[in-house]
>>> print(open('final-v3.pdb').read())   # PDB, C-alpha atoms
ATOM      1  CA  THR A   1      18.180 -29.402 -42.551
ATOM      2  CA  PRO A   2      16.774 -29.282 -39.032
ATOM      3  CA  PRO A   3      17.050 -25.945 -37.241
ATOM      4  CA  GLY A   4      20.057 -25.494 -35.013
ATOM      5  CA  PRO A   5      19.864 -25.169 -31.249
ATOM      6  CA  ASP A   6      18.413 -21.955 -29.882
ATOM      7  CA  PRO A   7      21.373 -19.891 -28.595
ATOM      8  CA  ALA A   8      19.180 -18.592 -25.763
ATOM      9  CA  GLU A   9      18.368 -22.098 -24.553
ATOM     10  CA  GLU A  10      21.652 -22.743 -22.727
ATOM     11  CA  PRO A  11      21.542 -19.581 -20.545
ATOM     12  CA  ARG A  12      17.907 -20.323 -19.662
ATOM     13  CA  ASN A  13      18.700 -23.893 -18.676
ATOM     14  CA  GLN A  14      21.615 -22.649 -16.597
ATOM     15  CA  ARG A  15      19.315 -20.226 -14.778
ATOM     16  CA  LEU A  16      16.823 -22.992 -14.011
ATOM     17  CA  SER A  17      19.586 -25.339 -12.888
ATOM     18  CA  THR A  18      20.969 -22.701 -10.526
ATOM     19  CA  LEU A  19      17.509 -22.058  -9.111
ATOM     20  CA  TYR A  20      16.959 -25.790  -8.628
ATOM     21  CA  GLU A  21      20.214 -26.165  -6.720
ATOM     22  CA  ALA A  22      19.285 -23.232  -4.466
ATOM     23  CA  LEU A  23      16.003 -24.954  -3.551
ATOM     24  CA  VAL A  24      17.576 -28.295  -2.661
ATOM     25  CA  PRO A  25      18.204 -27.481   1.049
ATOM     26  CA  TYR A  26      14.566 -26.446   1.466
ATOM     27  CA  PHE A  27      12.813 -29.211  -0.491
ATOM     28  CA  SER A  28      14.810 -32.290   0.525
ATOM     29  CA  THR A  29      15.510 -34.453   3.567
ATOM     30  CA  ALA A  30      18.015 -37.221   4.197
ATOM     31  CA  GLU A  31      15.155 -39.676   4.865
ATOM     32  CA  ASP A  32      13.600 -39.283   1.394
ATOM     33  CA  PRO A  33      14.447 -42.479  -0.604
ATOM     34  CA  SER A  34      13.753 -40.856  -3.992
ATOM     35  CA  PRO A  35      14.109 -37.122  -3.577
ATOM     36  CA  LEU A  36      12.705 -34.751  -6.163
ATOM     37  CA  TYR A  37      15.428 -32.307  -5.125
ATOM     38  CA  ALA A  38      19.060 -33.393  -4.832
ATOM     39  CA  HIS A  39      22.344 -31.724  -5.668
ATOM     40  CA  GLY A  40      23.120 -32.576  -9.272
ATOM     41  CA  GLY A  41      19.545 -33.779  -9.824
ATOM     42  CA  GLU A  42      17.226 -33.224 -12.775
ATOM     43  CA  TRP A  43      15.608 -29.822 -12.579
ATOM     44  CA  GLN A  44      13.270 -30.710 -15.475
ATOM     45  CA  LYS A  45      11.187 -32.902 -13.151
ATOM     46  CA  ALA A  46      10.854 -30.137 -10.561
ATOM     47  CA  PHE A  47      10.053 -27.363 -13.062
ATOM     48  CA  PRO A  48       7.433 -28.720 -15.509
ATOM     49  CA  SER A  49       6.935 -25.355 -17.228
ATOM     50  CA  SER A  50       8.730 -22.037 -17.499
ATOM     51  CA  ALA A  51       8.747 -18.891 -19.626
ATOM     52  CA  PHE A  52      11.299 -16.147 -20.195
ATOM     53  CA  ASP A  53      11.037 -12.622 -21.570
ATOM     54  CA  GLY A  54      12.972 -11.228 -24.518
ATOM     55  CA  SER A  55      15.930 -10.307 -22.341
ATOM     56  CA  GLY A  56      16.270 -13.830 -20.970
ATOM     57  CA  ARG A  57      14.789 -13.093 -17.554
ATOM     58  CA  LEU A  58      12.409 -15.483 -15.889
ATOM     59  CA  ARG A  59       8.770 -14.487 -16.457
ATOM     60  CA  ARG A  60       6.828 -17.547 -15.238
ATOM     61  CA  LEU A  61       7.755 -20.763 -13.473
ATOM     62  CA  LEU A  62       5.807 -23.728 -12.149
ATOM     63  CA  ILE A  63       7.573 -25.500  -9.285
ATOM     64  CA  ARG A  64       6.768 -28.927  -7.879
ATOM     65  CA  TYR A  65       7.766 -29.684  -4.314
ATOM     66  CA  PRO A  66       7.546 -32.754  -2.031
ATOM     67  CA  ALA A  67       4.406 -33.368   0.011
ATOM     68  CA  TYR A  68       6.305 -33.178   3.301
ATOM     69  CA  PHE A  69       7.245 -29.529   2.771
ATOM     70  CA  THR A  70       5.371 -27.433   5.360
ATOM     71  CA  ASP A  71       3.533 -25.241   2.853
ATOM     72  CA  GLY A  72       0.842 -24.489   5.431
ATOM     73  CA  GLU A  73       3.257 -22.469   7.564
ATOM     74  CA  ALA A  74       3.757 -18.795   6.744
ATOM     75  CA  GLU A  75       7.447 -18.835   7.711
ATOM     76  CA  SER A  76       8.200 -21.746   5.374
ATOM     77  CA  ARG A  77       6.444 -20.031   2.492
ATOM     78  CA  ALA A  78       8.210 -16.749   3.198
ATOM     79  CA  ARG A  79      11.643 -18.408   3.055
ATOM     80  CA  ILE A  80      10.921 -19.889  -0.367
ATOM     81  CA  GLU A  81       9.433 -16.652  -1.713
ATOM     82  CA  HIS A  82      12.426 -14.673  -0.445
ATOM     83  CA  LEU A  83      14.857 -17.081  -2.119
ATOM     84  CA  LEU A  84      12.979 -17.053  -5.428
ATOM     85  CA  THR A  85      12.814 -13.246  -5.410
ATOM     86  CA  ALA A  86      16.565 -13.049  -4.871
ATOM     87  CA  LYS A  87      17.349 -15.539  -7.642
ATOM     88  CA  ALA A  88      14.824 -14.226 -10.172
ATOM     89  CA  GLY A  89      15.733 -10.556  -9.649
ATOM     90  CA  ARG A  90      14.971  -8.208  -6.762
ATOM     91  CA  ASP A  91      14.092  -5.281  -9.024
ATOM     92  CA  ARG A  92      10.708  -6.791  -9.917
ATOM     93  CA  GLU A  93       7.537  -7.776  -8.079
ATOM     94  CA  TYR A  94       6.315 -11.351  -8.130
ATOM     95  CA  LEU A  95       3.011 -13.098  -7.640
ATOM     96  CA  PHE A  96       3.244 -16.440  -5.852
ATOM     97  CA  GLY A  97       0.457 -19.001  -6.070
ATOM     98  CA  TRP A  98       0.565 -21.918  -3.645
ATOM     99  CA  ASN A  99      -1.420 -25.017  -4.606
ATOM    100  CA  GLU A 100      -1.280 -27.035  -1.405
ATOM    101  CA  GLU A 101      -3.416 -29.866  -2.802
ATOM    102  CA  GLY A 102      -1.178 -30.387  -5.803
ATOM    103  CA  ASN A 103       2.128 -29.505  -4.085
ATOM    104  CA  GLU A 104       2.873 -26.879  -6.688
ATOM    105  CA  LEU A 105       4.031 -23.267  -6.547
ATOM    106  CA  SER A 106       3.667 -20.816  -9.413
ATOM    107  CA  LEU A 107       5.850 -17.734  -9.792
ATOM    108  CA  THR A 108       4.811 -14.879 -12.090
ATOM    109  CA  ALA A 109       6.811 -11.693 -12.684
ATOM    110  CA  LEU A 110       4.399  -8.778 -12.609
ATOM    111  CA  ASP A 111       4.517  -5.901 -15.047
ATOM    112  CA  PRO A 112       5.602  -2.593 -13.480
ATOM    113  CA  LEU A 113       2.734  -0.500 -12.149
ATOM    114  CA  PRO A 114       1.999   2.708 -14.083
ATOM    115  CA  THR A 115       3.845   5.715 -12.712
ATOM    116  CA  GLY A 116       2.730   8.404 -15.158
ATOM    117  CA  ILE A 117      -0.876   8.781 -13.985
ATOM    118  CA  ALA A 118      -1.494  12.509 -13.711
ATOM    119  CA  ALA A 119      -3.660  14.143 -11.047
ATOM    120  CA  GLN A 120      -7.307  13.877 -12.048
ATOM    121  CA  ARG A 121     -10.779  13.330 -10.612
ATOM    122  CA  PHE A 122     -11.374   9.733  -9.613
ATOM    123  CA  VAL A 123     -14.839   8.241 -10.031
ATOM    124  CA  THR A 124     -15.547   7.247  -6.423
ATOM    125  CA  ALA A 125     -18.456   7.421  -3.996
ATOM    126  CA  PRO A 126     -18.476   9.596  -0.847
ATOM    127  CA  GLY A 127     -16.342   7.922   1.797
ATOM    128  CA  GLU A 128     -14.043   6.306  -0.784
ATOM    129  CA  THR A 129     -10.478   7.504  -1.334
ATOM    130  CA  VAL A 130      -8.003   6.233  -3.910
ATOM    131  CA  LEU A 131      -4.588   5.487  -2.401
ATOM    132  CA  GLY A 132      -3.006   4.139  -5.559
ATOM    133  CA  PHE A 133      -3.289   1.430  -8.189
ATOM    134  CA  THR A 134      -2.484  -2.257  -8.181
ATOM    135  CA  ASP A 135      -2.511  -5.389 -10.338
ATOM    136  CA  PRO A 136      -5.694  -6.770 -11.942
ATOM    137  CA  SER A 137      -5.252 -10.008 -10.000
ATOM    138  CA  GLU A 138      -5.706  -8.189  -6.673
ATOM    139  CA  VAL A 139      -9.085  -6.456  -7.163
ATOM    140  CA  GLN A 140     -12.076  -6.869  -9.458
ATOM    141  CA  ARG A 141     -13.020  -3.197  -9.607
ATOM    142  CA  THR A 142     -11.519  -0.713 -12.084
ATOM    143  CA  LEU A 143     -11.580   3.061 -12.479
ATOM    144  CA  PRO A 144     -11.528   4.923 -15.798
ATOM    145  CA  LEU A 145      -8.331   6.987 -15.948
ATOM    146  CA  THR A 146      -6.687   9.185 -18.516
ATOM    147  CA  TYR A 147      -3.189   7.768 -18.869
ATOM    148  CA  GLY A 148      -1.022   9.287 -21.556
ATOM    149  CA  GLU A 149      -3.240  10.158 -24.494
ATOM    150  CA  GLU A 150      -5.703   7.329 -23.937
ATOM    151  CA  GLN A 151      -8.220   6.242 -21.333
ATOM    152  CA  HIS A 152      -7.652   3.008 -19.454
ATOM    153  CA  ASP A 153      -9.523   1.014 -16.824
ATOM    154  CA  VAL A 154      -7.099   0.602 -13.919
ATOM    155  CA  PRO A 155      -7.668  -1.424 -10.699
ATOM    156  CA  PRO A 156      -7.456   0.953  -7.714
ATOM    157  CA  VAL A 157      -6.507   0.593  -4.055
ATOM    158  CA  VAL A 158      -9.557   2.155  -2.375
ATOM    159  CA  TRP A 159      -9.671   3.225   1.277
ATOM    160  CA  ARG A 160     -13.113   3.538   2.861
ATOM    161  CA  THR A 161     -13.583   5.996   5.699
ATOM    162  CA  GLY A 162     -16.592   6.915   7.802
ATOM    163  CA  LEU A 163     -18.765   5.280  10.444
ATOM    164  CA  ARG A 164     -18.336   1.708   9.204
ATOM    165  CA  SER A 165     -14.661   1.918   8.341
ATOM    166  CA  THR A 166     -12.479  -0.832   9.779
ATOM    167  CA  GLU A 167      -9.425   1.407   9.249
ATOM    168  CA  PRO A 168     -10.544   4.938  10.132
ATOM    169  CA  HIS A 169      -7.073   6.516  10.068
ATOM    170  CA  LEU A 170      -3.926   6.122   7.977
ATOM    171  CA  LEU A 171      -0.185   6.068   8.672
ATOM    172  CA  ALA A 172       1.974   6.400   5.537
ATOM    173  CA  MET A 173       5.665   5.609   5.980
ATOM    174  CA  GLY A 174       8.569   6.012   3.588
ATOM    175  CA  GLN A 175      12.032   7.434   3.096
ATOM    176  CA  PRO A 176      12.424  11.018   1.808
ATOM    177  CA  GLY A 177      11.497  11.047  -1.862
ATOM    178  CA  SER A 178       9.323   7.928  -1.634
ATOM    179  CA  GLY A 179       6.113   9.852  -2.340
ATOM    180  CA  THR A 180       4.366  10.229   1.023
ATOM    181  CA  SER A 181       3.905  13.987   0.542
ATOM    182  CA  THR A 182       2.509  13.383  -2.934
ATOM    183  CA  LEU A 183       0.065  10.891  -1.424
ATOM    184  CA  LEU A 184      -1.083  13.456   1.147
ATOM    185  CA  ARG A 185      -1.660  16.077  -1.541
ATOM    186  CA  SER A 186      -3.719  13.565  -3.507
ATOM    187  CA  LEU A 187      -5.766  12.725  -0.404
ATOM    188  CA  ALA A 188      -6.329  16.438   0.262
ATOM    189  CA  LEU A 189      -7.668  17.049  -3.239
ATOM    190  CA  GLN A 190      -9.998  14.059  -2.977
ATOM    191  CA  ALA A 191     -11.189  15.022   0.520
ATOM    192  CA  LEU A 192     -12.102  18.538  -0.604
ATOM    193  CA  ARG A 193     -14.825  17.161  -2.854
ATOM    194  CA  HIS A 194     -16.982  16.338   0.164
ATOM    195  CA  GLY A 195     -15.266  17.729   3.282
ATOM    196  CA  ASP A 196     -12.856  20.104   4.999
ATOM    197  CA  VAL A 197      -9.097  19.743   5.447
ATOM    198  CA  VAL A 198      -6.500  20.887   7.978
ATOM    199  CA  ILE A 199      -2.899  20.454   6.814
ATOM    200  CA  VAL A 200       0.229  20.381   8.968
ATOM    201  CA  ASP A 201       3.404  20.721   6.912
ATOM    202  CA  GLY A 202       6.461  19.620   8.880
ATOM    203  CA  GLY A 203       8.704  19.700   5.839
ATOM    204  CA  GLY A 204       8.449  23.454   5.477
ATOM    205  CA  THR A 205       9.117  23.296   1.740
ATOM    206  CA  GLY A 206       5.852  24.878   0.655
ATOM    207  CA  GLU A 207       4.543  21.740  -1.031
ATOM    208  CA  TYR A 208       1.022  22.518   0.181
ATOM    209  CA  ALA A 209       0.985  26.210  -0.691
ATOM    210  CA  CYS A 210      -1.127  25.383  -3.761
ATOM    211  CA  LEU A 211      -3.990  24.446  -1.429
ATOM    212  CA  THR A 212      -4.007  27.671   0.575
ATOM    213  CA  GLY A 213      -7.211  29.623   0.077
ATOM    214  CA  ARG A 214      -9.175  26.808  -1.540
ATOM    215  CA  ASP A 215     -12.734  26.208  -0.408
ATOM    216  CA  GLY A 216     -12.669  23.653   2.375
ATOM    217  CA  VAL A 217      -9.010  24.169   3.333
ATOM    218  CA  LEU A 218      -9.339  25.404   6.897
ATOM    219  CA  ALA A 219      -5.604  25.818   7.519
ATOM    220  CA  VAL A 220      -2.173  25.045   6.114
ATOM    221  CA  GLU A 221       0.190  25.267   9.080
ATOM    222  CA  CYS A 222       3.993  25.209   8.936
ATOM    223  CA  GLY A 223       4.827  26.878  12.265
ATOM    224  CA  LEU A 224       4.677  25.439  15.782
ATOM    225  CA  SER A 225       2.167  27.967  17.157
ATOM    226  CA  GLY A 226      -0.174  27.543  14.205
ATOM    227  CA  VAL A 227       0.080  23.752  14.379
ATOM    228  CA  ARG A 228      -0.792  23.726  18.057
ATOM    229  CA  THR A 229      -3.729  26.089  17.545
ATOM    230  CA  SER A 230      -5.162  24.056  14.659
ATOM    231  CA  LEU A 231      -4.779  20.708  16.448
ATOM    232  CA  GLU A 232      -6.338  22.116  19.622
ATOM    233  CA  TRP A 233      -9.285  23.261  17.523
ATOM    234  CA  ALA A 234      -9.515  19.825  15.857
ATOM    235  CA  ALA A 235      -9.639  18.084  19.246
ATOM    236  CA  THR A 236     -12.312  20.502  20.469
ATOM    237  CA  GLU A 237     -14.296  20.082  17.238
ATOM    238  CA  THR A 238     -14.190  16.293  17.596
ATOM    239  CA  GLU A 239     -15.542  16.564  21.155
ATOM    240  CA  ARG A 240     -18.234  19.026  20.019
ATOM    241  CA  ARG A 241     -19.367  16.634  17.323
ATOM    242  CA  LEU A 242     -19.457  13.716  19.749
ATOM    243  CA  ILE A 243     -21.659  15.661  22.185
ATOM    244  CA  ALA A 244     -23.980  16.879  19.417
ATOM    245  CA  VAL A 245     -24.381  13.395  17.932
ATOM    246  CA  ASN A 246     -25.039  11.877  21.366
ATOM    247  CA  ARG A 247     -27.676  14.473  22.217
ATOM    248  CA  ALA A 248     -29.403  13.986  18.871
ATOM    249  CA  ARG A 249     -29.399  10.220  19.330
ATOM    250  CA  GLN A 250     -30.928  10.514  22.802
ATOM    251  CA  ALA A 251     -33.646  12.768  21.406
ATOM    252  CA  GLY A 252     -34.344  10.376  18.561
ATOM    253  CA  HIS A 253     -33.116  12.797  15.911
ATOM    254  CA  PRO A 254     -30.572  12.265  13.108
ATOM    255  CA  PRO A 255     -27.071  13.685  13.653
ATOM    256  CA  PRO A 256     -26.833  17.430  12.945
ATOM    257  CA  ALA A 257     -25.677  18.335   9.451
ATOM    258  CA  ASP A 258     -22.507  20.040  10.734
ATOM    259  CA  THR A 259     -21.346  16.756  12.289
ATOM    260  CA  ARG A 260     -21.722  14.791   9.054
ATOM    261  CA  ARG A 261     -19.351  16.828   6.905
ATOM    262  CA  PRO A 262     -16.014  14.962   6.821
ATOM    263  CA  LEU A 263     -13.051  16.642   8.502
ATOM    264  CA  TRP A 264      -9.563  15.529   7.474
ATOM    265  CA  LEU A 265      -6.391  16.177   9.485
ATOM    266  CA  LEU A 266      -3.377  15.659   7.222
ATOM    267  CA  LEU A 267       0.033  15.784   8.933
ATOM    268  CA  ASP A 268       3.232  15.582   6.898
ATOM    269  CA  ARG A 269       6.334  14.820   9.014
ATOM    270  CA  PRO A 270       4.839  16.159  12.266
ATOM    271  CA  THR A 271       7.842  14.985  14.294
ATOM    272  CA  ALA A 272       9.588  18.180  13.193
ATOM    273  CA  PHE A 273       7.264  20.038  15.571
ATOM    274  CA  THR A 274       7.869  17.469  18.299
ATOM    275  CA  HIS A 275      11.551  18.499  18.374
ATOM    276  CA  LEU A 276      10.694  22.205  18.266
ATOM    277  CA  ALA A 277       8.245  21.830  21.142
ATOM    278  CA  ALA A 278      10.768  19.851  23.219
ATOM    279  CA  ALA A 279      13.426  22.490  22.666
ATOM    280  CA  ASP A 280      10.947  25.122  23.838
ATOM    281  CA  GLY A 281       9.892  23.063  26.864
ATOM    282  CA  ARG A 282       6.359  22.580  25.555
ATOM    283  CA  GLU A 283       4.135  19.540  25.063
ATOM    284  CA  ASP A 284       4.373  17.520  21.867
ATOM    285  CA  PRO A 285       1.568  18.829  19.610
ATOM    286  CA  GLN A 286       0.956  15.275  18.382
ATOM    287  CA  ALA A 287      -0.553  14.546  21.806
ATOM    288  CA  LEU A 288      -3.520  16.648  20.676
ATOM    289  CA  LEU A 289      -4.378  13.911  18.173
ATOM    290  CA  GLN A 290      -5.539  11.499  20.882
ATOM    291  CA  VAL A 291      -9.182  12.560  20.777
ATOM    292  CA  PRO A 292      -9.502  12.563  16.958
ATOM    293  CA  LEU A 293      -7.714   9.211  16.735
ATOM    294  CA  ARG A 294      -9.867   7.545  19.383
ATOM    295  CA  HIS A 295     -13.254   9.024  18.535
ATOM    296  CA  GLY A 296     -12.935  10.470  15.041
ATOM    297  CA  ARG A 297     -14.581   7.592  13.194
ATOM    298  CA  ALA A 298     -17.919   8.149  14.949
ATOM    299  CA  VAL A 299     -18.076  11.784  13.783
ATOM    300  CA  ASP A 300     -16.341  11.667  10.377
ATOM    301  CA  VAL A 301     -12.952  12.963  11.545
ATOM    302  CA  THR A 302     -10.065  11.248   9.745
ATOM    303  CA  VAL A 303      -6.363  11.514  10.649
ATOM    304  CA  VAL A 304      -3.592  10.844   8.142
ATOM    305  CA  VAL A 305       0.067  11.001   9.213
ATOM    306  CA  ALA A 306       3.007  10.679   6.819
TER     307      ALA A 306
END
>>> encode(input="final-v3.pdb", output="structure tokens")
Amino acid sequence: TPPGPDPAEEPRNQRLSTLYEALVPYFSTAEDPSPLYAHGGEWQKAFPSSAFDGSGRLRRLLIRYPAYFTDGEAESRARIEHLLTAKAGRDREYLFGWNEEGNELSLTALDPLPTGIAAQRFVTAPGETVLGFTDPSEVQRTLPLTYGEEQHDVPPVVWRTGLRSTEPHLLAMGQPGSGTSTLLRSLALQALRHGDVVIVDGGGTGEYACLTGRDGVLAVECGLSGVRTSLEWAATETERRLIAVNRARQAGHPPPADTRRPLWLLLDRPTAFTHLAAADGREDPQALLQVPLRHGRAVDVTVVVA
């Protein structure tokens, strides 16, 4: 006897039919004599291939769309991607591939990124800092990491600092508990391999106490007076380096060695000191970052604010 119908087939077809109906307003016009998308139409023609995971959730989908859809406009693409994300499940990340020549869009549900990577030494060159890890489709390079009990090659998100950096400073934003302080601690440990670090802790929870006293940690400040003193020194040090490098260049000499050692200014929630300074009638200590932010790249001074 022939096998019976797959009990999972009906829910999958219903999902695809619902998704098709949701796309109708975006992929159809009243002037189209034979629309690919129409309410009550055949979704099988619009979705030539699809795949689901074991729990019945959409894993891959190939979508055909009419040639008149404005796939060259970012806003039009964003609307479709937003709709598909909502219908396929907001708790996952998706990779969208637009084939403008073939009028096709592919949707792929990405596997969750690893979250159990423990602190360890990353194999990077001077001037390279690992911010995190991403999907293999995004970068060609991988780093060997110990993950669990095995070693894996994982594609990293690498930030390049120094004279030729196009992004010499970093602003990390997130809600409390999102991991910005963890990121700063990771950056501090990586920076100490080749440079010096000044840390401003606006959270006051002692998360950076483990770095106090380490070689290369010039200061870990959690009080307004100490923060102001350290940032004043950092601004003065940036100016000193600029003058020294300029004089050496005019004399035809290489930059002095003490201007080539990277200096990192890591500030975690510095707005806490902004409020304290305002209440005390004093200047916002963040104003002291103007010189390092404007001129730091030329003398290996990097500012990171979370």
>>> resolve_selection(input="final-v3.pdb", expression="the PyMOL selection byres ((chain A and resi 22) around 10)", output="list in words")
Leu16, Ser17, Thr18, Leu19, Tyr20, Glu21, Leu23, Val24, Pro25, Tyr26, Phe27, Tyr37, His39, Ile80, Leu83, Leu84 and Lys87 of chain A
>>> closest_atom_pairs(input="final-v3.pdb", of="stretch 130-209 of chain A", to="stretch 228-234 of chain A", cutoff="12 Å", atoms="all atoms listed in the file", output="CSV")
residue,atom,partner,partner_atom,distance
A:Asp196,CA,A:Ala234,CA,11.4
A:Val197,CA,A:Ala234,CA,10.4
A:Val198,CA,A:Ser230,CA,7.5
A:Ile199,CA,A:Ser230,CA,8.9
A:Val200,CA,A:Ser230,CA,8.7
>>> write_last_selection(input="final-v3.pdb", atoms="C-alpha atoms", output="short mmCIF file (atom, residue, chain, number, x, y, z; two decimals), keeping the file's coordinate frame")
data_model
loop_
_atom_site.label_atom_id
_atom_site.label_comp_id
_atom_site.auth_asym_id
_atom_site.auth_seq_id
_atom_site.Cartn_x
_atom_site.Cartn_y
_atom_site.Cartn_z
CA ASP A 196 -12.86 20.10 5.00
CA VAL A 197 -9.10 19.74 5.45
CA VAL A 198 -6.50 20.89 7.98
CA ILE A 199 -2.90 20.45 6.81
CA VAL A 200 0.23 20.38 8.97
#
>>> resolve_selection(input="final-v3.pdb", expression="the PyMOL selection byres ((chain A and resi 257) around 12)", output="PyMOL selection string")
chain A and resi 241+244-245+248+253-256+258-262+299-300
>>> atom_distance(input="final-v3.pdb", atom1="atom CA of A:Ser55", atom2="atom CA of A:Pro11")
11.0 Å
>>> closest_residue(input="final-v3.pdb", among="A:Leu62, A:Val227, A:Ala118, A:Leu131", to="A:Leu95", atoms="all atoms listed in the file")
A:Leu62
>>> residues_near_point(input="final-v3.pdb", point="(14.1, -13.2, -22.6)", cutoff="12 Å", atoms="all atoms listed in the file", output="list in words")
Pro7, Ala8, Glu9, Pro11, Arg12, Arg15, Ser50, Ala51, Phe52, Asp53, Gly54, Ser55, Gly56, Arg57, Leu58, Arg59 and Arg60 of chain A
>>> closest_residue(input="final-v3.pdb", among="A:Glu138, A:Glu42, A:Glu128, A:Asp268", to="A:Arg160", atoms="all atoms listed in the file")
A:Glu128
>>> resolve_selection(input="final-v3.pdb", expression="the PyMOL selection byres ((chain A and resi 188) around 9)", output="list of chain:residue names")
A:Leu183, A:Leu184, A:Arg185, A:Ser186, A:Leu187, A:Leu189, A:Gln190, A:Ala191, A:Leu192, A:Asp196, A:Val197, A:Val198, A:Ile199, A:Leu211, A:Val217, A:Trp264, A:Leu266
>>> closest_residue(input="final-v3.pdb", among="A:Gly252, A:Gly296, A:Pro270, A:Gly216", to="A:Glu167", atoms="all atoms listed in the file")
A:Gly296
>>> atom_distance(input="final-v3.pdb", atom1="atom CA of A:Tyr65", atom2="atom CA of A:Gly97")
13.1 Å
>>> atom_distance(input="final-v3.pdb", atom1="atom CA of A:Gln175", atom2="atom CA of A:Val304")
16.8 Å
>>> closest_residue(input="final-v3.pdb", among="A:Leu145, A:Leu267, A:Leu288, A:Ala298", to="A:Ser165", atoms="all atoms listed in the file")
A:Ala298
>>> residues_around(input="final-v3.pdb", residues="stretch 100-114 of chain A", least_positions_apart="2", cutoff="9 Å", atoms="only C-alpha atoms", output="short mmCIF file (atom, residue, chain, number, x, y, z; two decimals) with C-alpha atoms, in the frame of the given file")
data_model
loop_
_atom_site.label_atom_id
_atom_site.label_comp_id
_atom_site.auth_asym_id
_atom_site.auth_seq_id
_atom_site.Cartn_x
_atom_site.Cartn_y
_atom_site.Cartn_z
CA LEU A 58 12.41 -15.48 -15.89
CA ARG A 59 8.77 -14.49 -16.46
CA ARG A 60 6.83 -17.55 -15.24
CA LEU A 61 7.76 -20.76 -13.47
CA LEU A 62 5.81 -23.73 -12.15
CA ILE A 63 7.57 -25.50 -9.28
CA ARG A 64 6.77 -28.93 -7.88
CA TYR A 65 7.77 -29.68 -4.31
CA PRO A 66 7.55 -32.75 -2.03
CA ALA A 67 4.41 -33.37 0.01
CA PHE A 69 7.24 -29.53 2.77
CA ASP A 71 3.53 -25.24 2.85
CA GLY A 72 0.84 -24.49 5.43
CA GLU A 81 9.43 -16.65 -1.71
CA LEU A 84 12.98 -17.05 -5.43
CA ALA A 88 14.82 -14.23 -10.17
CA ARG A 92 10.71 -6.79 -9.92
CA GLU A 93 7.54 -7.78 -8.08
CA TYR A 94 6.32 -11.35 -8.13
CA LEU A 95 3.01 -13.10 -7.64
CA PHE A 96 3.24 -16.44 -5.85
CA GLY A 97 0.46 -19.00 -6.07
CA TRP A 98 0.56 -21.92 -3.64
CA GLY A 116 2.73 8.40 -15.16
CA ILE A 117 -0.88 8.78 -13.98
CA PHE A 133 -3.29 1.43 -8.19
CA THR A 134 -2.48 -2.26 -8.18
CA ASP A 135 -2.51 -5.39 -10.34
CA TYR A 147 -3.19 7.77 -18.87
#
>>> closest_residue(input="final-v3.pdb", among="A:Tyr68, A:Arg141, A:Val303, A:Ala235", to="A:Leu170", atoms="all atoms listed in the file")
A:Val303
>>> build_atoms(input="final-v3.pdb", residues="stretch 251-263 of chain A", atoms="N, CA and C atoms", output="mmCIF file, in the coordinates of the input")
data_model
loop_
_atom_site.group_PDB
_atom_site.id
_atom_site.type_symbol
_atom_site.label_atom_id
_atom_site.label_comp_id
_atom_site.auth_asym_id
_atom_site.auth_seq_id
_atom_site.Cartn_x
_atom_site.Cartn_y
_atom_site.Cartn_z
ATOM 1 N N ALA A 251 -32.364 12.141 21.713
ATOM 2 C CA ALA A 251 -33.646 12.768 21.406
ATOM 3 C C ALA A 251 -34.362 12.087 20.247
ATOM 4 N N GLY A 252 -33.731 11.089 19.670
ATOM 5 C CA GLY A 252 -34.344 10.376 18.561
ATOM 6 C C GLY A 252 -34.246 11.104 17.236
ATOM 7 N N HIS A 253 -33.287 12.031 17.134
ATOM 8 C CA HIS A 253 -33.116 12.797 15.911
ATOM 9 C C HIS A 253 -31.862 12.327 15.164
ATOM 10 N N PRO A 254 -31.798 12.591 13.852
ATOM 11 C CA PRO A 254 -30.572 12.265 13.108
ATOM 12 C C PRO A 254 -29.439 13.197 13.530
ATOM 13 N N PRO A 255 -28.200 12.814 13.302
ATOM 14 C CA PRO A 255 -27.071 13.685 13.653
ATOM 15 C C PRO A 255 -27.171 15.030 12.937
ATOM 16 N N PRO A 256 -26.797 16.107 13.594
ATOM 17 C CA PRO A 256 -26.833 17.430 12.945
ATOM 18 C C PRO A 256 -25.973 17.450 11.681
ATOM 19 N N ALA A 257 -26.370 18.284 10.741
ATOM 20 C CA ALA A 257 -25.677 18.335 9.451
ATOM 21 C C ALA A 257 -24.207 18.719 9.610
ATOM 22 N N ASP A 258 -23.906 19.595 10.590
ATOM 23 C CA ASP A 258 -22.507 20.040 10.734
ATOM 24 C C ASP A 258 -21.611 18.990 11.367
ATOM 25 N N THR A 259 -22.175 17.851 11.781
ATOM 26 C CA THR A 259 -21.346 16.756 12.289
ATOM 27 C C THR A 259 -21.142 15.680 11.232
ATOM 28 N N ARG A 260 -21.828 15.808 10.108
ATOM 29 C CA ARG A 260 -21.722 14.791 9.054
ATOM 30 C C ARG A 260 -20.763 15.189 7.939
ATOM 31 N N ARG A 261 -20.311 16.423 7.933
ATOM 32 C CA ARG A 261 -19.351 16.828 6.905
ATOM 33 C C ARG A 261 -17.967 16.331 7.302
ATOM 34 N N PRO A 262 -17.324 15.528 6.464
ATOM 35 C CA PRO A 262 -16.014 14.962 6.821
ATOM 36 C C PRO A 262 -14.975 16.041 7.114
ATOM 37 N N LEU A 263 -14.181 15.789 8.144
ATOM 38 C CA LEU A 263 -13.051 16.642 8.502
ATOM 39 C C LEU A 263 -11.789 15.801 8.445
#
